[in-house]
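> For reference, the structure I am asking about is given below.
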Amino acid sequence: MSFRHLGRIVIPPPNAERYTTVCQFCNVGCGYDVYVWPAGEEGGLKPGEHGVVYKIKDTVYDRELKPESTDFTRIEPLSHYLGIPWISESMVVRTIRRDWFRGRGTGEWREVYVAQIPSPECPINKGNHSIRGGTNGERNWSPWNVAGARRLKFPMVRFGGRLEVVTWDYAIDLVARVVKGVIDKWGVDNPKWGKEGHSIFAHRMDHGGGGGGGMIENVTAGLFFFYGVRTAFARIHNRPFFGPENPAIGDAGPGAMNNSLHDLRLADVIVFWGTNPYTTGTVMFIEHALSNLRGATADEKGRWFDGEPVVDTYMIIVDPRKTETVEAARAAARDRVLHLAPEPGTDIVLANAIARVIYEKYRNTVDNILQVYRQAAQRGFGWDENAWRLYIEEALEINRKPLDQYLAEAERITGVPRRDIEKAAEILGAPKPGGYPKRVWLMYEKGIIWNQNYRSIYALVDLCIMTGALRGIAGTGCQRQGGHQEGYAGPEPPPPPWTNERLHMSPWNFAKLNRIELKTYDDYKRLFH
Amino acid sequence: MSEQTGGKGGKVDSTRRMIIAAIGGLAVGGALGYFLTPRGVEVKEVPVTETVTRTVARTETVTAAPPPSQPPILRYPRVRLANVRDLRPREPLTRQYLNFRVWVVKLGERAVGGIGPDGDVVAFVPICTHMGGALAFNRNNNCAVCPIHYSQFDLTRGGKMVSGHGTQFLPQVMLEFDERTGDIYAVGINQLVYGRVKNIEGV
């Protein structure tokens, strides 16, 4: 809404420059087509009169878009599937650019239009978009965009309660003096403040994503804090420490990201645990999860399931709040959506309670799935029988507490009624006709990650192991949602100046540090007692 | 700037209505109204029954720029939609304005762009600005909801999207009210409507 809307847009002419890109915002990674052309030119509505051309034959999703399909006189609801997207006023922006006929950035300023249109060619979004992606166009810089007027352009310092603009020299000098003063007074390491006490606590950015960034920012920040200041206490990005965000799933085996949106379309049970994807991973949810829930992907399932029956999809959403995701899923399929609202912080108990019911009531499913892992182990895949036994006996307390007592405790701690726990177990564990285990697909995010992190993620991974979400077949998966497109080009960060590398404290790392051999079940038990 | 249209005894303050028409997505409210104050927008005096918006490119910083494109001038006709006595609270009437199917609805609470004795009669083009779904009116919260991806637009706040994926406000039909007869007239649409490249042919 940074521009005035006119009730009119201009269509890219046939000679518009065309680029392809990926949306700058969330984890989904929708495809966008970008068109740039001089102001004053405009394409017509019929194919051939404009520059919007789609040409793709997609055998996975069985779609075909042809250049002659893009007829802007025939825009209808959802016609982006047919290669006729509607271009909103937010997708086109007028701005200025230097022409680069004589080299980039050398030419004269020209007034141009930039259109950034969700691409019907891209199999991720197929032309769909969220409110973030749909406004990528108007987020391009423009002298006519009043949002730029509010940008922070100079460093500011609070004097007497009021923020005042200062020069860069002043700001750099001030920060350097504060850091030096703290080191002079208290030192860097400060054992008086505890085992990991440090006087300098750095919260530094660590990667680019939508906000730009890249190697120079990363390396200089690393050099400054690790070599210059020599503090070990630097947290990055959104983490409370300098390390991975969810190491538990790496220790458990599959790693943080281990399947595609295609698996989401094929799943029999979709679990969103501590995540609100209607709002935060919109296209993933509305284009793939909702389609699956409504039964629109049944044909695809038939092609991939190889004789396995296709059943109605269920969705389980675990969130203390009744989110927009819950409302949207219920609107799509009221009786096949289960919302569990645990007390914040009690997710481990809830996950273990569901797992306990599955283990006791749907033992055939569990045995079938364990068979897969054990066979895979004979072919060299990792499978830790002792750790599994430890989980069953120590976490699920299978020989120690009767089911009724276990569930009564879970109900009291989590606030989730026992019948809902049993319903979730039935959805996840009851086999399909023919005895096939359900294809379970689970996604978690900050509700779990910033909730005891290691143990809560591990509890979910254990539940996923039990329900077969880590079997490695189409339609299964267990991963975090993720926040945005990641990845940057740059050298490795400098090695830290200390010698003792700090590890996240997994049982395996703990054993390694303390030179404990993990061979028998009793060794594993000793770790925890 | 956040003044609304409102016929005063059948006589319409033409200048004021011109400005409102020019601002377009007006519902942002007073504070943003400052930022939305059009720079490089010229409001042209025309006869009462027409709404004119004109964009003028500011090209001082641009050297050797090609001549700017012909600014679009959209002339919306003034069309009678309904009489205020036809309206029941929170029950939208479907009417035709140009070639748009529009809702005229009495919301029962003061609304942005609202007219009538209580300032609560508004009109919208009920097509979702995300993927073109036909919206349903929810009388409990005065919102329009899309059945496809559940975008939701608040009709009391100028069609602002309160949840969902559309990139624009719901296109609002600007109205005039004739106090003498109770007639409600449509005089323009403030946003591009889904499926269109332009709402009406520019002149």
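Following the order of the structure tokens, chains are lettered A, B, ..., residues in each are numbered from 1, and ligands are numbered from 1.
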Using only C-alpha atoms, determine which residues lie at most 12 Å from Arg95 in chain B, disregarding the query and same-chain residues fewer than 2 positions distant; provide the list as a list in words.
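With the cut-off at 12 Å, the set is Val79, Arg80, Leu81, Ala82, Asn83, Asp86, Pro92, Leu93, Tyr97, Leu98, Asn99, Phe100, Arg101, Val102, Trp103, Val104, Val105, Ala123, Phe124, Val125, Pro126, Val173, Ile184, Tyr185 and Ala186 of chain B.
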> Near Met161 in chain B, within 10 Å and counting only C-alpha atoms, which residues show up once chain neighbours fewer than 3 positions away are dropped, as a list in words?
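In the requested format, the answer is Ile131 of chain A; Cys128, Thr129, Cys143, Ala144, Val145, Ser151, Gln152, Phe153, Asp154, Leu155, Arg157, Gly158, Gly164, His165, Gly166, Thr167, Gln168, Phe169 and Leu170 of chain B.
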> Skip Ile200 in chain A itself and residues of its chain fewer than 5 positions away, then list as a list in words all residues within 10 Å of it, counting only C-alpha atoms.
Val179, Val182, Ile183, Trp186, Gly187, Val188, Asp189, Asn190, Phe225, Val229, Arg230, Thr231, Ala232, Phe233 and Ala234 of chain A
> Using DSSP on the backbone coordinates, identify the residues of range 358-454 of chain A assigned to strand (DSSP E); present them as number ranges by chain.
A: 440-444
> Based on the selection just made, write C-alpha atoms of those residues as a tab-separated table (two decimals), in the first residue's frame.

chain	number	residue	atom	x	y	z
A	440	VAL	CA	2.68	-39.69	8.10
A	441	TRP	CA	4.16	-36.28	7.33
A	442	LEU	CA	5.06	-34.05	10.29
A	443	MET	CA	6.30	-30.49	10.36
A	444	TYR	CA	7.38	-28.51	13.40
> Select, as a PyMOL selection string, those residues of chain A with any atom no more than 8 Å from chain B (distances computed using only C-alpha atoms).
chain A and resi 1-11+39-41+72+74-78+86-90+96+108-111+128-132+134-135+146+279+286+328
> Based on the backbone DSSP call, show me all residues of range 379-434 of chain A assigned helix (DSSP H, G or I), as an MDAnalysis selection string.
chainID A and resid 385:395 403:414 418:429
> My list of candidates is A:Ala377, A:Glu324, A:Ala221, A:His203. Which is closest to Val162 in chain B when distances are computed with only C-alpha atoms?
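With only C-alpha atoms as the atom set, the closest residue is A:Glu324.
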> Between CA of Arg439 in chain A and CA of Gly468 in chain A, what is the distance in Å, rounded to a tenth?
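Distance between the two atoms: 7.1 Å.
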> State, in Å with one decimal place, the distance from CA of Ile316 in chain A to CA of Arg389 in chain A.
26.9 Å
> Near Asn453 in chain A, within 12 Å and counting only C-alpha atoms, which residues show up once chain neighbours fewer than 6 positions away are dropped, as a ChimeraX atom specification?
/A:239-240,244-249,274,345,347-348,444-447,459-460,480,504-506
> Ranking B:Gly113, B:Asp120, B:Phe177, B:Ala136 by minimum distance to Gly159 in chain B and counting only C-alpha atoms, which one comes first?
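Using only C-alpha atoms, Gly159 in chain B sits closest to B:Gly113.
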> Need to verify the contact set: Gly415 in chain A, 12 Å, only C-alpha atoms, exclusion of same-chain residues closer than 2 positions in sequence. Can you return it as a ChimeraX atom specification?
/A:320,340-347,349-350,407-413,417-421
